[in-house]
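J.: One file: structure.txt (compact mmCIF, C-alpha atoms).
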```txt
# COMPACT_ATOMS: atom_id res chain seq x y z
CA MET E 49 41.50 -51.52 -50.59
CA ASN E 50 38.82 -53.72 -48.95
CA PHE E 51 38.96 -51.44 -45.92
CA LEU E 52 38.33 -48.36 -48.06
CA ILE E 53 35.43 -50.06 -49.85
CA ALA E 54 33.89 -51.13 -46.54
CA LEU E 55 34.32 -47.63 -45.15
CA GLY E 56 32.67 -46.09 -48.21
CA ASN E 57 29.72 -48.49 -47.96
CA ARG E 58 29.28 -47.69 -44.28
CA ILE E 59 29.28 -43.95 -44.94
CA ARG E 60 26.69 -44.33 -47.73
CA THR E 61 24.38 -46.40 -45.53
CA ALA E 62 24.80 -44.30 -42.38
CA ASP E 63 21.81 -42.39 -41.01
CA PRO E 64 21.75 -38.91 -42.60
CA HIS E 65 21.35 -37.40 -39.13
CA HIS E 66 24.91 -38.52 -38.36
CA PHE E 67 26.15 -36.51 -41.31
CA ALA E 68 24.08 -33.47 -40.31
CA ILE E 69 25.50 -33.59 -36.77
CA PHE E 70 29.05 -34.10 -38.02
CA LYS E 71 28.77 -31.27 -40.53
CA GLY E 72 27.36 -28.88 -37.95
CA MET E 73 29.91 -29.95 -35.35
CA ALA E 74 32.81 -29.46 -37.75
CA SER E 75 31.61 -25.97 -38.68
CA VAL E 76 30.99 -24.91 -35.10
CA ALA E 77 34.25 -26.46 -33.88
CA MET E 78 36.19 -24.48 -36.47
CA PHE E 79 34.54 -21.23 -35.42
CA VAL E 80 34.96 -22.06 -31.73
CA PHE E 81 38.64 -22.83 -32.28
CA LEU E 82 39.21 -19.53 -34.07
CA GLY E 83 37.26 -17.69 -31.41
CA LYS E 84 39.19 -19.34 -28.60
CA LEU E 85 42.47 -18.40 -30.26
CA MET E 86 41.31 -14.79 -30.08
CA SER E 87 40.33 -15.33 -26.44
CA ALA E 88 43.76 -16.77 -25.77
CA ALA E 89 45.35 -13.65 -27.25
CA LYS E 90 43.21 -11.54 -24.93
CA GLU E 91 44.24 -13.60 -21.91
CA MET E 92 47.87 -13.24 -22.88
CA ALA E 93 47.45 -9.47 -22.97
CA VAL E 94 45.68 -9.42 -19.59
CA ALA E 95 48.31 -11.68 -18.02
CA TYR E 96 51.12 -9.52 -19.42
CA ARG E 97 49.52 -6.36 -18.09
CA TYR E 98 48.18 -7.54 -14.69
CA GLY E 99 49.56 -10.99 -13.79
CA LEU E 100 47.68 -12.24 -10.70
CA GLY E 101 47.06 -8.68 -9.57
CA ALA E 102 44.11 -7.30 -7.62
CA GLU E 103 42.68 -5.74 -10.80
CA VAL E 104 42.02 -9.19 -12.26
CA ASP E 105 40.46 -10.38 -9.00
CA ALA E 106 38.11 -7.38 -8.94
CA TYR E 107 37.23 -7.66 -12.63
CA GLN E 108 36.55 -11.40 -12.38
CA PHE E 109 34.51 -10.93 -9.21
CA VAL E 110 32.13 -8.40 -10.77
CA CYS E 111 31.99 -10.16 -14.17
CA ASN E 112 31.11 -13.49 -12.57
CA LEU E 113 28.27 -11.97 -10.55
CA ILE E 114 26.94 -10.14 -13.60
CA GLY E 115 27.43 -13.17 -15.80
CA TRP E 116 25.29 -15.38 -13.56
CA PRO E 117 21.83 -14.02 -14.56
CA LEU E 118 23.03 -13.33 -18.09
CA GLY E 119 24.27 -16.91 -18.44
CA MET E 120 20.92 -18.19 -17.26
CA TRP E 121 19.11 -16.03 -19.81
CA SER E 122 21.38 -17.29 -22.59
CA SER E 123 20.93 -20.94 -21.62
CA LEU E 124 17.17 -20.56 -21.33
CA LEU E 125 16.86 -18.90 -24.72
CA THR E 126 18.92 -21.60 -26.40
CA ALA E 127 17.08 -24.41 -24.65
CA VAL E 128 13.57 -23.08 -25.31
CA LEU E 129 13.89 -21.06 -28.50
CA VAL E 130 15.71 -23.54 -30.76
CA PRO E 131 13.11 -26.34 -30.49
CA LEU E 132 10.30 -23.77 -30.57
CA SER E 133 11.73 -22.11 -33.68
CA ALA E 134 11.80 -25.46 -35.47
CA ARG E 135 8.13 -25.91 -34.59
CA ILE E 136 7.16 -22.40 -35.76
CA ARG E 137 9.02 -22.74 -39.06
CA GLN E 138 7.24 -26.01 -39.79
CA PHE E 139 3.70 -25.32 -38.55
CA ASP E 140 3.19 -21.56 -38.25
CA ARG E 141 5.80 -19.70 -40.32
CA GLU E 142 3.63 -16.60 -40.75
CA GLU E 143 3.73 -16.05 -36.97
CA LEU E 144 7.53 -15.96 -36.83
CA SER E 145 8.11 -12.23 -37.37
CA HIS E 146 5.33 -11.29 -34.93
CA PHE E 147 6.78 -13.47 -32.18
CA ARG E 148 10.33 -12.33 -32.94
CA SER E 149 9.33 -8.69 -32.45
CA GLU E 150 7.59 -9.34 -29.14
CA LEU E 151 10.47 -11.45 -27.83
CA PHE E 152 12.85 -8.61 -28.70
CA GLY E 153 10.76 -6.27 -26.54
CA LEU E 154 10.81 -8.74 -23.67
CA ALA E 155 14.61 -9.08 -23.90
CA LEU E 156 15.04 -5.31 -23.82
CA ILE E 157 12.86 -4.89 -20.72
CA PHE E 158 14.53 -7.85 -19.04
CA GLY E 159 18.01 -6.41 -19.61
CA LEU E 160 17.14 -2.95 -18.25
CA VAL E 161 15.33 -4.25 -15.14
CA LEU E 162 18.10 -6.76 -14.50
CA ALA E 163 20.75 -4.02 -14.74
CA LEU E 164 18.98 -1.99 -12.08
CA LEU E 165 18.48 -4.90 -9.69
CA VAL E 166 21.95 -6.38 -10.09
CA SER E 167 23.65 -3.01 -9.67
CA LEU E 168 21.83 -2.55 -6.35
CA VAL E 169 22.68 -6.05 -5.12
CA ILE E 170 26.37 -6.01 -6.11
CA GLY E 171 26.69 -2.42 -4.90
CA ALA E 172 25.40 -3.44 -1.48
CA ILE E 173 27.74 -6.45 -1.35
CA LEU E 174 30.75 -4.26 -2.09
CA HIS E 175 29.88 -1.16 -0.04
CA PHE E 176 28.99 -3.11 3.11
CA GLY E 177 32.08 -5.31 2.89
CA TRP E 178 30.18 -8.58 2.34
CA SER E 179 32.34 -9.70 -0.59
CA GLY E 180 35.27 -10.98 1.48
CA LEU E 181 37.68 -9.20 -0.89
CA PRO E 182 40.72 -7.31 0.43
CA ALA E 183 40.06 -3.57 0.82
CA ASN E 184 42.09 -2.53 -2.23
CA THR E 185 40.46 -5.16 -4.45
CA GLU E 186 37.02 -4.19 -3.18
CA GLN E 187 37.60 -0.54 -4.15
CA LEU E 188 38.66 -1.62 -7.64
CA ALA E 189 35.47 -3.68 -7.95
CA ILE E 190 33.38 -0.64 -6.93
CA ARG E 191 35.05 1.38 -9.70
CA ALA E 192 34.38 -1.37 -12.25
CA LEU E 193 30.70 -1.90 -11.42
CA PRO E 194 29.09 1.13 -13.21
CA GLY E 195 30.70 0.22 -16.54
CA LEU E 196 30.28 -3.54 -16.35
CA ILE E 197 26.60 -3.28 -15.41
CA LEU E 198 25.99 -2.12 -19.00
CA LEU E 199 26.72 -5.68 -20.10
CA LEU E 200 23.29 -6.76 -18.85
CA PRO E 201 21.06 -4.83 -21.31
CA LEU E 202 23.62 -5.37 -24.07
CA GLY E 203 23.99 -9.06 -23.29
CA SER E 204 20.26 -9.75 -23.08
CA ILE E 205 19.86 -8.60 -26.69
CA VAL E 206 23.08 -10.23 -27.90
CA THR E 207 22.06 -13.64 -26.56
CA LEU E 208 18.62 -13.32 -28.15
CA GLN E 209 20.04 -12.61 -31.60
CA THR E 210 22.57 -15.41 -31.14
CA ALA E 211 19.77 -17.86 -30.32
CA TRP E 212 17.80 -16.82 -33.43
CA MET E 213 20.87 -17.37 -35.64
CA LEU E 214 21.45 -20.77 -34.06
CA SER E 215 17.83 -21.78 -34.58
CA ALA E 216 18.23 -20.95 -38.28
CA GLY E 217 21.26 -23.23 -38.52
CA ARG E 218 23.81 -20.44 -39.08
CA HIS E 219 26.83 -21.15 -36.94
CA VAL E 220 28.91 -18.08 -37.78
CA ASN E 221 27.52 -16.47 -34.61
CA THR E 222 29.94 -18.74 -32.75
CA LEU E 223 32.86 -16.87 -34.28
CA LEU E 224 31.23 -13.52 -33.55
CA ASP E 225 31.20 -14.39 -29.83
CA SER E 226 34.91 -13.54 -29.80
CA VAL E 227 34.47 -9.91 -30.92
CA PRO E 228 34.59 -8.47 -27.35
CA THR E 229 37.91 -10.22 -26.67
CA LEU E 230 39.61 -8.25 -29.43
CA PHE E 231 38.55 -4.97 -27.86
CA ILE E 232 39.61 -6.09 -24.37
CA ALA E 233 43.08 -7.05 -25.60
CA GLY E 234 43.42 -3.80 -27.53
CA ALA E 235 42.31 -1.65 -24.60
CA VAL E 236 44.65 -3.39 -22.15
CA LEU E 237 47.67 -2.97 -24.44
CA VAL E 238 46.94 0.54 -25.72
CA PHE E 239 45.86 2.12 -22.41
CA SER E 240 48.57 0.60 -20.26
CA GLY E 241 48.56 3.54 -17.84
CA GLY E 242 45.10 2.77 -16.45
CA GLU E 243 44.33 0.39 -13.60
CA ILE E 244 41.09 -1.54 -14.03
CA GLU E 245 39.44 0.88 -16.48
CA PRO E 246 40.96 -0.58 -19.70
CA LEU E 247 39.51 -3.99 -18.78
CA VAL E 248 36.10 -2.51 -18.04
CA TRP E 249 35.62 -0.26 -21.05
CA GLY E 250 37.28 -2.68 -23.46
CA THR E 251 34.63 -5.20 -22.42
CA VAL E 252 31.73 -2.75 -22.80
CA VAL E 253 32.80 -1.38 -26.19
CA GLY E 254 33.49 -4.92 -27.41
CA SER E 255 29.96 -5.97 -26.45
CA VAL E 256 28.50 -3.05 -28.41
CA PHE E 257 30.37 -4.09 -31.53
CA HIS E 258 29.39 -7.72 -30.93
CA LEU E 259 25.74 -6.67 -31.07
CA ILE E 260 26.35 -4.69 -34.27
CA THR E 261 27.97 -7.69 -35.99
CA LEU E 262 24.90 -9.79 -35.17
CA VAL E 263 22.24 -7.25 -36.12
CA ILE E 264 23.64 -6.23 -39.54
CA PRO E 265 23.51 -9.68 -41.24
CA MET E 266 20.11 -10.43 -39.72
CA ALA E 267 18.75 -7.10 -40.97
CA ARG E 268 20.00 -7.87 -44.47
CA ARG E 269 17.97 -11.10 -44.42
CA ASN E 270 14.90 -9.33 -42.98
CA GLU E 271 15.14 -11.55 -39.91
CA ILE E 272 15.01 -8.81 -37.30
CA GLU E 273 12.16 -6.53 -36.32
CA GLY E 274 11.85 -3.60 -33.97
CA PRO E 275 10.83 -4.40 -30.40
CA SER E 276 7.15 -4.75 -29.61
CA PHE E 277 5.83 -4.53 -26.05
CA THR E 278 2.52 -6.29 -26.64
CA TYR E 279 2.38 -10.03 -26.04
CA THR E 280 -0.35 -11.33 -28.33
CA SER E 281 1.56 -13.96 -30.29
CA SER E 282 0.15 -17.47 -30.12
CA GLN E 283 3.67 -18.79 -29.51
CA TRP E 284 3.96 -17.45 -25.97
CA HIS E 285 2.12 -20.48 -24.63
CA TRP E 286 4.84 -22.73 -26.03
CA PHE E 287 7.61 -20.38 -24.93
CA TRP E 288 6.50 -20.23 -21.31
CA GLN E 289 5.80 -23.95 -21.13
CA GLY E 290 8.53 -25.34 -18.93
CA PHE E 291 10.24 -21.94 -18.68
CA GLY E 292 9.92 -21.77 -14.89
CA ILE E 293 11.43 -25.15 -14.21
CA MET E 294 14.21 -24.49 -16.73
CA LEU E 295 14.92 -21.19 -14.99
CA ALA E 296 15.25 -22.90 -11.63
CA GLY E 297 17.55 -25.58 -13.02
CA GLN E 298 19.79 -23.13 -14.86
CA ALA E 299 19.92 -20.83 -11.82
CA MET E 300 21.27 -23.61 -9.65
CA MET E 301 23.71 -24.85 -12.27
CA SER E 302 25.12 -21.40 -12.99
CA LEU E 303 25.29 -20.72 -9.26
CA THR E 304 28.28 -23.08 -9.09
CA VAL E 305 30.46 -20.27 -10.50
CA ILE E 306 29.42 -18.03 -7.61
CA VAL E 307 30.02 -20.84 -5.10
CA ASP E 308 33.54 -21.31 -6.48
CA GLN E 309 34.21 -17.61 -6.31
CA PHE E 310 33.36 -17.28 -2.63
CA PHE E 311 35.43 -20.34 -1.78
CA ALA E 312 38.34 -18.78 -3.69
CA VAL E 313 37.98 -15.43 -1.90
CA ASN E 314 38.88 -17.11 1.40
CA LEU E 315 42.11 -18.47 -0.08
CA GLY E 316 43.72 -15.02 -0.35
CA THR E 317 44.64 -12.44 -2.98
CA GLY E 318 45.25 -13.93 -6.41
CA ALA E 319 43.07 -17.01 -5.86
CA ILE E 320 40.19 -15.74 -8.02
CA ALA E 321 42.65 -14.69 -10.72
CA THR E 322 44.37 -18.10 -10.57
CA LEU E 323 41.07 -19.92 -10.94
CA GLY E 324 40.13 -17.53 -13.75
CA TYR E 325 43.33 -18.14 -15.73
CA ALA E 326 42.98 -21.93 -15.38
CA ASN E 327 39.33 -21.75 -16.40
CA ARG E 328 40.22 -19.70 -19.46
CA ILE E 329 42.36 -22.53 -20.80
CA LEU E 330 39.83 -25.13 -19.70
CA THR E 331 37.14 -23.19 -21.54
CA LEU E 332 39.15 -23.45 -24.73
CA ILE E 333 38.61 -27.19 -24.52
CA LEU E 334 35.13 -27.26 -22.98
CA GLY E 335 33.93 -24.75 -25.55
CA LEU E 336 34.84 -27.09 -28.39
CA ALA E 337 32.60 -29.69 -26.78
CA ALA E 338 29.76 -27.76 -25.19
CA ILE E 339 29.30 -25.19 -27.94
CA ALA E 340 30.10 -27.44 -30.90
CA VAL E 341 28.03 -30.38 -29.65
CA SER E 342 25.00 -28.43 -28.46
CA ARG E 343 24.83 -26.11 -31.46
CA ALA E 344 25.28 -29.00 -33.89
CA THR E 345 22.97 -31.55 -32.27
CA LEU E 346 20.11 -29.47 -30.84
CA PRO E 347 18.72 -28.27 -34.21
CA VAL E 348 19.05 -31.81 -35.65
CA PHE E 349 17.44 -33.49 -32.64
CA SER E 350 14.66 -30.86 -32.54
CA GLN E 351 13.79 -31.24 -36.23
CA ALA E 352 13.91 -35.02 -35.96
CA LYS E 353 11.49 -34.86 -33.03
CA LEU E 354 8.95 -33.09 -35.27
CA ASN E 355 9.48 -35.67 -38.02
CA SER E 356 8.99 -38.57 -35.60
CA ALA E 357 12.49 -39.94 -36.16
CA VAL E 358 12.38 -43.05 -33.97
CA ARG E 359 16.11 -43.83 -34.31
CA MET E 360 17.30 -40.63 -32.65
CA HIS E 361 17.78 -42.50 -29.37
CA GLU E 362 20.37 -44.81 -30.94
CA ILE E 363 22.04 -41.89 -32.70
CA ALA E 364 22.28 -39.98 -29.42
CA ILE E 365 23.81 -43.00 -27.66
CA TYR E 366 26.41 -43.29 -30.42
CA TRP E 367 27.47 -39.66 -30.00
CA VAL E 368 27.51 -39.93 -26.20
CA ARG E 369 30.00 -42.79 -26.37
CA LEU E 370 32.08 -41.06 -29.02
CA MET E 371 32.26 -37.80 -27.06
CA PHE E 372 33.18 -39.64 -23.85
CA MET E 373 36.15 -41.25 -25.59
CA LEU E 374 37.17 -37.91 -27.11
CA GLY E 375 36.98 -36.42 -23.62
CA LEU E 376 39.30 -39.09 -22.25
CA GLY E 377 41.82 -38.39 -24.98
CA ALA E 378 41.60 -34.64 -24.40
CA MET E 379 42.09 -35.14 -20.67
CA VAL E 380 45.29 -37.18 -21.10
CA ILE E 381 46.77 -34.83 -23.69
CA GLY E 382 45.73 -31.77 -21.70
CA TYR E 383 47.34 -33.07 -18.51
CA TRP E 384 50.64 -33.51 -20.32
CA LEU E 385 50.49 -30.12 -22.05
CA ALA E 386 49.12 -28.06 -19.12
CA PRO E 387 52.40 -26.45 -17.92
CA TRP E 388 53.47 -25.71 -21.48
CA ALA E 389 50.09 -24.16 -22.36
CA VAL E 390 50.05 -21.90 -19.29
CA LYS E 391 53.64 -20.81 -19.92
CA LEU E 392 52.97 -20.10 -23.60
CA LEU E 393 49.81 -18.11 -22.96
CA PHE E 394 50.57 -16.22 -19.78
CA GLU E 395 54.19 -16.26 -18.60
CA ARG E 396 55.39 -12.78 -19.47
CA GLY E 397 55.37 -9.36 -17.86
CA ALA E 398 53.79 -9.51 -14.40
CA PHE E 399 52.98 -13.23 -14.76
CA SER E 400 55.91 -15.17 -13.24
CA GLU E 401 57.20 -18.75 -13.45
CA THR E 402 55.73 -19.40 -10.00
CA ASP E 403 52.34 -18.25 -11.25
CA THR E 404 52.67 -20.71 -14.14
CA ARG E 405 53.16 -23.66 -11.77
CA ILE E 406 50.17 -22.66 -9.63
CA VAL E 407 47.79 -22.18 -12.57
CA ALA E 408 48.97 -25.38 -14.30
CA ASN E 409 48.20 -27.45 -11.20
CA VAL E 410 44.68 -26.03 -11.00
CA LEU E 411 44.20 -26.70 -14.71
CA ARG E 412 45.25 -30.33 -14.36
CA TYR E 413 42.65 -30.95 -11.68
CA GLY E 414 40.02 -29.23 -13.81
CA LEU E 415 40.77 -31.49 -16.78
CA LEU E 416 39.35 -34.47 -14.89
CA GLN E 417 35.85 -33.35 -15.82
CA LEU E 418 36.36 -33.55 -19.59
CA PRO E 419 35.02 -37.08 -20.37
CA PHE E 420 31.87 -36.50 -18.32
CA TYR E 421 31.35 -32.98 -19.66
CA PHE E 422 31.78 -34.04 -23.29
CA ALA E 423 29.28 -36.90 -22.94
CA SER E 424 26.69 -34.94 -20.98
CA SER E 425 26.68 -32.20 -23.65
CA VAL E 426 25.01 -34.66 -26.04
CA LEU E 427 22.65 -35.93 -23.36
CA VAL E 428 21.52 -32.41 -22.42
CA SER E 429 20.93 -31.54 -26.07
CA TYR E 430 18.86 -34.66 -26.58
CA ALA E 431 16.79 -33.98 -23.45
CA LEU E 432 16.12 -30.41 -24.58
CA SER E 433 14.99 -31.55 -28.03
CA GLN E 434 12.44 -33.78 -26.28
CA ARG E 435 11.34 -30.82 -24.10
CA ARG E 436 12.21 -32.83 -20.98
CA TYR E 437 12.88 -29.70 -18.96
CA THR E 438 12.36 -31.49 -15.65
CA LEU E 439 15.60 -33.39 -16.27
CA ILE E 440 17.46 -30.11 -16.71
CA PHE E 441 16.03 -28.90 -13.41
CA TRP E 442 17.20 -31.98 -11.54
CA SER E 443 20.61 -31.82 -13.17
CA GLY E 444 20.89 -28.29 -11.76
CA VAL E 445 20.00 -29.59 -8.30
CA ILE E 446 22.59 -32.35 -8.62
CA GLY E 447 25.17 -29.88 -9.90
CA ILE E 448 24.92 -27.35 -7.06
CA VAL E 449 24.64 -30.03 -4.37
CA PHE E 450 27.63 -32.08 -5.48
CA LYS E 451 29.69 -29.01 -6.35
CA SER E 452 29.15 -27.64 -2.85
CA ILE E 453 29.93 -31.00 -1.25
CA GLY E 454 33.04 -31.34 -3.38
CA ASN E 455 34.28 -27.88 -2.41
CA VAL E 456 33.62 -28.44 1.31
CA VAL E 457 35.44 -31.79 1.29
CA LEU E 458 38.31 -31.05 -1.10
CA VAL E 459 39.26 -27.39 -0.56
CA PRO E 460 40.55 -27.90 3.01
CA HIS E 461 42.90 -30.63 1.70
CA LEU E 462 43.80 -29.38 -1.78
CA GLY E 463 43.31 -25.61 -1.52
CA ILE E 464 42.41 -23.97 -4.81
CA ASN E 465 43.07 -27.26 -6.60
CA GLY E 466 40.11 -28.66 -4.67
CA ILE E 467 37.74 -26.21 -6.38
CA ALA E 468 38.83 -27.53 -9.78
CA ALA E 469 38.64 -31.16 -8.64
CA ALA E 470 35.12 -30.60 -7.30
CA SER E 471 34.04 -29.65 -10.83
CA ALA E 472 34.98 -33.16 -12.00
CA PHE E 473 33.06 -34.61 -9.05
CA MET E 474 29.99 -32.62 -10.10
CA ALA E 475 30.34 -33.39 -13.83
CA GLY E 476 30.57 -37.12 -13.15
CA PHE E 477 27.31 -37.22 -11.22
CA ILE E 478 25.49 -35.09 -13.79
CA ALA E 479 26.62 -37.35 -16.65
CA LEU E 480 25.57 -40.44 -14.67
CA PHE E 481 22.14 -38.91 -14.01
CA PHE E 482 21.50 -38.19 -17.68
CA TRP E 483 22.84 -41.58 -18.77
CA LEU E 484 20.50 -43.43 -16.38
CA THR E 485 17.47 -41.39 -17.45
CA LEU E 486 18.20 -41.48 -21.18
CA ARG E 487 16.28 -44.73 -21.60
CA TYR E 488 13.08 -42.87 -20.64
CA LEU E 489 13.57 -40.41 -23.52
CA LYS E 490 12.90 -42.95 -26.26
```
How does this structure look as structure tokens?
T.:
Amino acid sequence: MNFLIALGNRIRTADPHHFAIFKGMASVAMFVFLGKLMSAAKEMAVAYRYGLGAEVDAYQFVCNLIGWPLGMWSSLLTAVLVPLSARIRQFDREELSHFRSELFGLALIFGLVLALLVSLVIGAILHFGWSGLPANTEQLAIRALPGLILLLPLGSIVTLQTAWMLSAGRHVNTLLDSVPTLFIAGAVLVFSGGEIEPLVWGTVVGSVFHLITLVIPMARRNEIEGPSFTYTSSQWHWFWQGFGIMLAGQAMMSLTVIVDQFFAVNLGTGAIATLGYANRILTLILGLAAIAVSRATLPVFSQAKLNSAVRMHEIAIYWVRLMFMLGLGAMVIGYWLAPWAVKLLFERGAFSETDTRIVANVLRYGLLQLPFYFASSVLVSYALSQRRYTLIFWSGVIGIVFKSIGNVVLVPHLGINGIAAASAFMAGFIALFFWLTLRYLK
């Protein structure tokens, strides 16, 4: 009884920001978990249909290259727009719709220009044989490119609307992120006679419906305007402030996916698919941390910054330590469950028992990054709320440097497992960097 009384007193006297973070994290985690279950169902369908086949290698190769600039755009919008939105809503609310319209126009132009440039670059890589893929896989990638390139204009708008919903504190957009996976799974199972085409067009159609599910609720709240191609809003100064250095940092950090891919290409057919399957399961766990933590803490930290909340440093430290311990627990449990999880999700159809053992080993090495990744998610969110974009830049430098070193050192000894282990090497140094610099963010 005394314990319960003490616990109740502690909850009542706790900083309200703790409750706001916990509430947001619980909501986002629930949506992420539901979304990842849908993603798992999609991966089960893909594994059943293709196994470690060349179609998956080709699809992953093109998607990863396309996802690199799109991932940067998404990260930049979240990092810059959420703190900026909090500022606009507090100091210049009448300017919000004007800026929203002009940013929509910028996103549309960005997506179209990016689609043209990326299609030319990837097309050249594939047609001139620079990809390192086997001939059959390379031809499949060439067939997939025209459809998948449509993800760039679609994705540039989707990520913008997602960032606006996040800045308003509505976390249901996290669940909507899983809409494309439903269409991919359906296309793969229904159109079983195709080769790579069901994967490609299931992804494109799913992205279209994802955009529709975001636009409709925002339109009902009058929170979306048509695109404007004039840039007269007074908020552009704040938007572009630090944008360049954030872009450089995110470019280097997201480049680690491309680095991994080209290391995997040299390990033979099925290596990219193996890494992709392991990363799908790893993402189920990382998503609960990265998405839940960042989407719950960034709005709270950003608003507290405007209100001059001097205790946010201590609150951030508390959540860093808590997330590190949660990461350790997830790593231990995940290591034990890895073979069972891979078998449950993938071992059917073309995906064999041997494939299960290979993917499970890669997954176990990848799990080593969890404690560092969980903790650094809070640290990154706190740095962004303080608009310390230089720290994000240097974390990108650290990430690409130590990821490359890790791959060079570990891949010759561990093969594809070395790529996963190098991720833990990278995550550890990034977390250490943010931890050492956190004292300067007070």
J.: Give me, please, the distance in Å between CA of Phe310 (chain E) and CA of Val456 (chain E), quoted to one decimal.
T.: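 Value for the CA of Phe310 (chain E)-CA of Val456 (chain E) distance: 11.8 Å.
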J.: Residues within 12 Å of Ile446 (chain E), please, as a list in words. Count all atoms listed in the file; anything in the same chain fewer than 5 positions from it doesn't count.
T.: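 In the requested form, the answer reads Gly297, Gln298, Met300, Met301, Leu303, Thr304, Leu439, Ile440, Phe441, Lys451, Ser452, Ile453, Gly454, Ser471, Phe473, Met474, Ala475, Gly476, Phe477, Ile478, Ala479, Leu480, Phe481 and Phe482 of chain E.
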J.: What gap, in Å, lies between CA of Ile244 (chain E) and CA of Arg97 (chain E)?
T.: 10.5 Å
J.: Between CA of Phe257 (chain E) and CA of Ile197 (chain E), what is the distance in Å, rounded to a tenth?
T.: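 Those two atoms sit 16.6 Å apart.
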J.: Give me, as a list of chain:residue names, all polymer residues having an atom no more than 8 Å from Leu200 (chain E), counting all atoms listed in the file and skipping those fewer than 5 positions away in the same chain.
T.: E:Ile114, E:Leu118, E:Gly159, E:Leu160, E:Leu162, E:Ala163
J.: When distances are computed from all atoms listed in the file, which of E:Ala386, E:Leu151, E:Leu376, E:Ala321 shows the smallest separation from Thr278 (chain E)?
T.: E:Leu151
J.: Pick the closest to Val457 (chain E) from E:Gly101, E:Ala431, E:Gly318, E:Phe311: which is it, counting only C-alpha atoms?
T.: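 Selected residue with least distance to Val457 (chain E): E:Phe311.
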J.: For a cut-off of 10 Å around (44.8, 1.0, -18.9), file coordinates, pick out all residues using only C-alpha atoms and list them as a list in words.
T.: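 Within 10 Å of (44.8, 1.0, -18.9), the protein and nucleic acid residues are Arg97, Gly234, Ala235, Val236, Leu237, Val238, Phe239, Ser240, Gly241, Gly242, Glu243, Ile244, Glu245, Pro246, Leu247, Val248, Trp249 and Gly250 of chain E.
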J.: I need the residue nearest Val166 (chain E) from this list: E:Leu432, E:Val110, E:Ala183, E:Ala127. Use all atoms listed in the file for the distance.
T.: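 Smallest separation from Val166 (chain E) among the options: E:Val110.
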J.: Out of E:Gly335, E:Gly377, E:Gly115, E:Gly274, which residue has the shortest atom-to-atom distance to Ser425 (chain E) when counting only C-alpha atoms?
T.: E:Gly335
J.: Give as a PDB file with C-alpha atoms, in the coordinates of the input each residue that has an atom at most 8 Å from (54.8, -10.1, -18.2) in the file, counting all atoms listed in the file.
T.:
```
ATOM      1  CA  ALA E  95      48.310 -11.680 -18.020  1.00  0.00           C
ATOM      2  CA  TYR E  96      51.120  -9.520 -19.420  1.00  0.00           C
ATOM      3  CA  ARG E  97      49.520  -6.360 -18.090  1.00  0.00           C
ATOM      4  CA  TYR E  98      48.180  -7.540 -14.690  1.00  0.00           C
ATOM      5  CA  GLY E  99      49.560 -10.990 -13.790  1.00  0.00           C
ATOM      6  CA  PHE E 394      50.570 -16.220 -19.780  1.00  0.00           C
ATOM      7  CA  GLU E 395      54.190 -16.260 -18.600  1.00  0.00           C
ATOM      8  CA  ARG E 396      55.390 -12.780 -19.470  1.00  0.00           C
ATOM      9  CA  GLY E 397      55.370  -9.360 -17.860  1.00  0.00           C
ATOM     10  CA  ALA E 398      53.790  -9.510 -14.400  1.00  0.00           C
ATOM     11  CA  PHE E 399      52.980 -13.230 -14.760  1.00  0.00           C
ATOM     12  CA  SER E 400      55.910 -15.170 -13.240  1.00  0.00           C
TER      13      SER E 400
END
```
J.: Compare E:Met86, E:Ile329, E:Leu132, E:Leu323 by their minimum atom-to-atom distance to Pro228 (chain E), counting only C-alpha atoms, and give me the closest one.
T.: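 Among the listed residues, the smallest separation from Pro228 (chain E) belongs to E:Met86.
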J.: Hey, which of E:Ala192, E:Glu273, E:Ser149, E:Phe176 ends up closest to Glu103 (chain E)? Count only C-alpha atoms.
T.: E:Ala192
